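Q: Sharing a structure, written as structure tokens. Questions coming.
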Amino acid sequence: MDPAFYIESIPIYGRVFLSPMANFSDSPYRKICRRLGSAFSFAEFVPAETIAVRDPDYMSMLRFEEEERPLILQLFGNNCDTLAAAAEVAMEFRPDAIDLNMGCSVNQIAGNGSGAALLKNPMLAAQMIERLRKTVPVPITAKIRLGWDDASLNYLEVSHILQESGIAMLSVHGRTRAQAYTGLANWNAIAEVKANARVPVLGVGDILDYEDALTRIQKYGVDGVLVGRSAAGNPWLFSALDRAQVQPEQILEIMLEHFRDMLKFYGERGCILFRKHAARYVKGFIGADALRTELLQTKNAEEFETAVRRFLNSQPD
Ligand SMILES: Cc1cc2nc3c(=O)[nH]c(=O)nc-3n(C[C@H](O)[C@H](O)[C@H](O)COP(=O)(O)O)c2cc1C
């Protein structure tokens, strides 16, 4: 099979990918999505300032497994030196590429000059990209929104500047920072970025399923798409399956595999961290609410597995 496109010299065999999502697209979930068809792995964002000083709580977020490759680590920050220091540390984990987050809309981050705030300061973003390129040997990519708000839709200018600075790929979420997650993503704007770009462009926003992903790739000409919220609790999306077609046994098998991997990755804490995933997996099942409540009360892995098995046996054929 020919690659769909390249991130510099890295061949990418597919066009639909799991989007980075804090607290969701960690190594255990990325592994499942990658196996079921997401054509690369894009890790959730990590604050550069914590990695630059090797804060162990955050360093562990950079871990991944070989089967996830190609693997992109994402950093956010507001300072070139810190970002470069963090990228150097991050390289010890041997990622295939490093992405600069320029899209995060939450106040804590965008209000602090990081994430989407970089859209208001593209020259700083350019310096960051140039510095990252000088510091680490892997491709540097960026993920942006369309602008800070409707009055400052500078996506074409930002894309141009970032390409001049040497990015190897650009992901575009078709909303402004002011929109956060409201309204609909503007895919015509994403298509405009692609039409003017020399590097691969990925479109992001509101993709519902695999079919929708393919339709948007064709209609808007992007090289690929990132799927975020629709892929939470639905890794089968990447296998072109409709969640409703997947047998309950298959769903619960993947859920248990995911759960065990969470324990392996996080230790006992994985039990609590898995709850949000569990709620998504069981959505739509008969008795899902009761199981959710039961899972919230389980204290260890055995109780958790027993509850899930009992639930599975109670499902009608
Ligand atoms: C819970 C959550 C966490 C997110 N975390 C990140 C992140 O760490 N890095 C990032 O670039 N985007 C992050 N995003 C944005 C998504 O990657 C994506 O751009 C956005 O959700 C739009 O795509 P969707 O409509 O398919 O969800 C996050 C979104 C959500 C809902």
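Residues are named by chain letter and number: chains run A, B, ... in the order of the structure tokens, numbers start at 1 in each chain, and ligands are numbered from 1 in the order shown.
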So that I can check the surroundings of A:Trp148, please list as a compact mmCIF listing (two decimals) with C-alpha atoms, in the first residue's frame every protein, DNA and RNA residue that reaches within 10 Å of it, counting only C-alpha atoms and ignoring chain neighbours fewer than 6 positions away.

A:
# COMPACT_ATOMS: atom_id res chain seq x y z
CA GLY A 103 -5.53 25.71 19.69
CA SER A 105 -9.11 27.56 24.29
CA ALA A 110 -5.05 30.63 26.40
CA ALA A 116 -4.79 29.53 21.11
CA ALA A 117 -3.22 32.77 22.43
CA LEU A 118 -0.35 32.10 20.02
CA LEU A 119 -2.80 32.90 17.20
CA LYS A 120 -2.62 36.49 18.43
CA ASN A 154 -6.02 35.01 10.64
CA TYR A 155 -5.76 31.32 9.75
CA ARG A 175 -13.41 27.11 15.12
CA THR A 176 -12.13 30.26 16.79
CA ARG A 177 -10.90 30.42 20.34
CA ALA A 178 -13.98 32.48 21.26
CA GLN A 179 -16.22 29.70 19.98
CA ALA A 180 -14.54 27.09 22.15

Q: DSSP on the backbone, alpha helix (DSSP H) only: what residues of stretch 24-264 of chain A does that give? Format it as number ranges by chain.

A: A: 27-35, 48-52, 56-59, 80-90, 107-110, 122-135, 155-165, 187-195, 210-220, 248-264

Q: Kindly save the residues from that selection, with C-alpha atoms included, as a CSV table (one decimal), in the first residue's frame.

A:
chain,number,residue,atom,x,y,z
A,27,SER,CA,-1.2,5.7,25.8
A,28,PRO,CA,-3.7,2.9,26.6
A,29,TYR,CA,-6.5,4.5,24.5
A,30,ARG,CA,-4.1,5.5,21.7
A,31,LYS,CA,-2.9,1.9,21.4
A,32,ILE,CA,-6.5,0.6,21.0
A,33,CYS,CA,-7.4,3.2,18.4
A,34,ARG,CA,-4.1,2.7,16.5
A,35,ARG,CA,-4.7,-1.1,16.4
A,48,ALA,CA,6.4,22.5,28.4
A,49,GLU,CA,7.4,24.1,31.7
A,50,THR,CA,6.8,20.8,33.5
A,51,ILE,CA,8.9,18.8,31.1
A,52,ALA,CA,11.7,21.3,31.0
A,56,PRO,CA,7.8,13.3,37.3
A,57,ASP,CA,4.0,13.6,37.3
A,58,TYR,CA,4.1,15.0,33.7
A,59,MET,CA,7.1,13.1,32.4
A,80,CYS,CA,10.9,29.7,23.4
A,81,ASP,CA,13.6,28.7,25.8
A,82,THR,CA,11.2,26.6,28.0
A,83,LEU,CA,9.7,24.9,24.9
A,84,ALA,CA,13.1,24.1,23.5
A,85,ALA,CA,14.3,22.7,26.8
A,86,ALA,CA,11.1,20.6,27.1
A,87,ALA,CA,11.5,19.3,23.5
A,88,GLU,CA,15.0,18.2,24.3
A,89,VAL,CA,13.8,16.2,27.3
A,90,ALA,CA,10.9,14.8,25.3
A,107,ASN,CA,-8.7,30.2,30.1
A,108,GLN,CA,-5.9,28.7,32.2
A,109,ILE,CA,-3.9,28.1,29.0
A,110,ALA,CA,-5.1,30.6,26.4
A,122,PRO,CA,2.1,34.4,15.2
A,123,MET,CA,5.7,35.9,15.3
A,124,LEU,CA,6.3,34.2,18.7
A,125,ALA,CA,4.8,31.0,17.3
A,126,ALA,CA,7.2,31.3,14.3
A,127,GLN,CA,10.2,31.7,16.7
A,128,MET,CA,9.1,28.7,18.6
A,129,ILE,CA,8.9,26.5,15.5
A,130,GLU,CA,12.3,27.7,14.3
A,131,ARG,CA,13.8,27.1,17.7
A,132,LEU,CA,12.3,23.6,17.9
A,133,ARG,CA,13.6,22.8,14.5
A,134,LYS,CA,17.1,23.8,15.5
A,135,THR,CA,16.8,21.9,18.8
A,155,TYR,CA,-5.8,31.3,9.8
A,156,LEU,CA,-4.2,31.9,6.3
A,157,GLU,CA,-1.6,34.3,7.7
A,158,VAL,CA,-0.8,32.0,10.6
A,159,SER,CA,-0.6,28.9,8.3
A,160,HIS,CA,1.7,30.8,6.0
A,161,ILE,CA,4.0,32.0,8.8
A,162,LEU,CA,4.2,28.5,10.3
A,163,GLN,CA,5.1,27.0,7.0
A,164,GLU,CA,7.8,29.6,6.4
A,165,SER,CA,9.2,28.6,9.8
A,187,TRP,CA,-14.8,23.4,6.9
A,188,ASN,CA,-14.6,25.9,4.1
A,189,ALA,CA,-12.0,27.8,6.0
A,190,ILE,CA,-10.1,24.5,6.6
A,191,ALA,CA,-10.3,23.9,2.8
A,192,GLU,CA,-8.8,27.3,2.2
A,193,VAL,CA,-5.8,26.5,4.4
A,194,LYS,CA,-5.3,23.3,2.5
A,195,ALA,CA,-5.6,25.0,-0.9
A,210,TYR,CA,-15.7,7.1,9.4
A,211,GLU,CA,-18.1,7.8,6.5
A,212,ASP,CA,-18.3,11.4,7.5
A,213,ALA,CA,-14.5,11.5,7.7
A,214,LEU,CA,-14.1,10.2,4.2
A,215,THR,CA,-16.8,12.6,2.9
A,216,ARG,CA,-15.0,15.6,4.4
A,217,ILE,CA,-11.6,14.5,3.1
A,218,GLN,CA,-13.0,14.3,-0.4
A,219,LYS,CA,-15.1,17.4,-0.2
A,220,TYR,CA,-12.6,19.7,1.4
A,248,PRO,CA,-21.8,-6.0,23.0
A,249,GLU,CA,-19.3,-8.8,23.6
A,250,GLN,CA,-16.7,-7.1,21.4
A,251,ILE,CA,-17.4,-3.8,23.1
A,252,LEU,CA,-16.9,-5.2,26.6
A,253,GLU,CA,-13.9,-7.3,25.6
A,254,ILE,CA,-12.1,-4.1,24.3
A,255,MET,CA,-13.4,-2.3,27.4
A,256,LEU,CA,-11.8,-4.9,29.7
A,257,GLU,CA,-8.6,-4.9,27.7
A,258,HIS,CA,-8.5,-1.1,27.9
A,259,PHE,CA,-9.1,-1.3,31.7
A,260,ARG,CA,-6.3,-3.8,32.3
A,261,ASP,CA,-3.9,-1.7,30.2
A,262,MET,CA,-4.9,1.4,32.3
A,263,LEU,CA,-4.0,-0.5,35.5
A,264,LYS,CA,-0.7,-1.5,33.9

Q: Using DSSP secondary structure from the backbone, list all strand (DSSP E or B) positions within stretch 34-180 of chain A, as a PyMOL selection string.

A: chain A and resi 41-47+71-76+97-102+140-144+147+170-173+176

Q: Can you list, as a ChimeraX atom specification, every protein, DNA or RNA residue that comes within 10 Å of A:Glu66 when you count only C-alpha atoms, leaving out same-chain residues fewer than 4 positions away?

A: /A:31,70-71,94-95

Q: Find the residue from A:Pro139, A:Gly113, A:Gly221, A:Gly14 that sits nearest to A:Ile72; use only C-alpha atoms when measuring.

A: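 Ranked by minimum distance to A:Ile72, first place goes to A:Pro139.
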
Q: How would you report the residues lying within 7 Å of ligand 1, as an MDAnalysis selection string, if you count only C-alpha atoms and all ligand atoms?

A: chainID A and resid 19:24 44:45 101 103:104 143 173 204:207 226:230

Q: Nearest residue to A:Asp96 out of A:Arg69, A:Arg269, A:Arg198, A:Arg275, using only C-alpha atoms?

A: A:Arg69

Q: Using only C-alpha atoms, can you tell me which of A:Glu8, A:Asn313, A:Asp242, A:Asn234 comes closest to A:Thr141?

A: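 Ranked by minimum distance to A:Thr141, first place goes to A:Glu8.
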
Q: With distances taken over only C-alpha atoms, which residue among A:Leu18, A:Leu273, A:Ala240, A:Met169 lies nearest A:Ala43?

A: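 Nearest to A:Ala43: A:Leu18.
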
Q: Select, from A:Val46, A:Val201, A:Val172, A:Met1, the residue with the minimum atom-to-atom distance to A:Gly224, counting only C-alpha atoms.

A: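 Of all the options, A:Val201 lies closest to A:Gly224.
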
Q: Taking into account only C-alpha atoms, which residue in the set A:Leu184, A:Leu291, A:Ile98, A:Asp26 is nearest to A:Arg63?

A: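 Result for the nearest residue to A:Arg63: A:Asp26.
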
Q: Between atom CA of A:Phe64 and atom CA of A:Gly77, what is the spacing in Å?

A: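 Straight-line distance from atom CA of A:Gly77 to atom CA of A:Phe64 works out to 21.5 Å.
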
Q: Check which residues of stretch 222-281 of chain A sit at most 9 Å from stretch 297-300 of chain A using only C-alpha atoms, and return one row each with the closest pair of atoms and their distance in Å to one decimal, ordered by chain and rising number, as a tab-separated table.

A:
residue	atom	partner	partner_atom	distance
A:Glu268	CA	A:Asn300	CA	7.5
A:Cys271	CA	A:Asn300	CA	6.8
A:Ile272	CA	A:Lys299	CA	8.7

Q: I'd like the interatomic distance between atom CA of A:Gln247 and atom CA of A:Tyr13, to a tenth of an Å.

A: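 Between these atoms lies a distance of 27.4 Å.
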
Q: How far is it from atom CA of A:Asp223 to atom CA of A:Leu153, in Å with one decimal?

A: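 The value is 22.1 Å.
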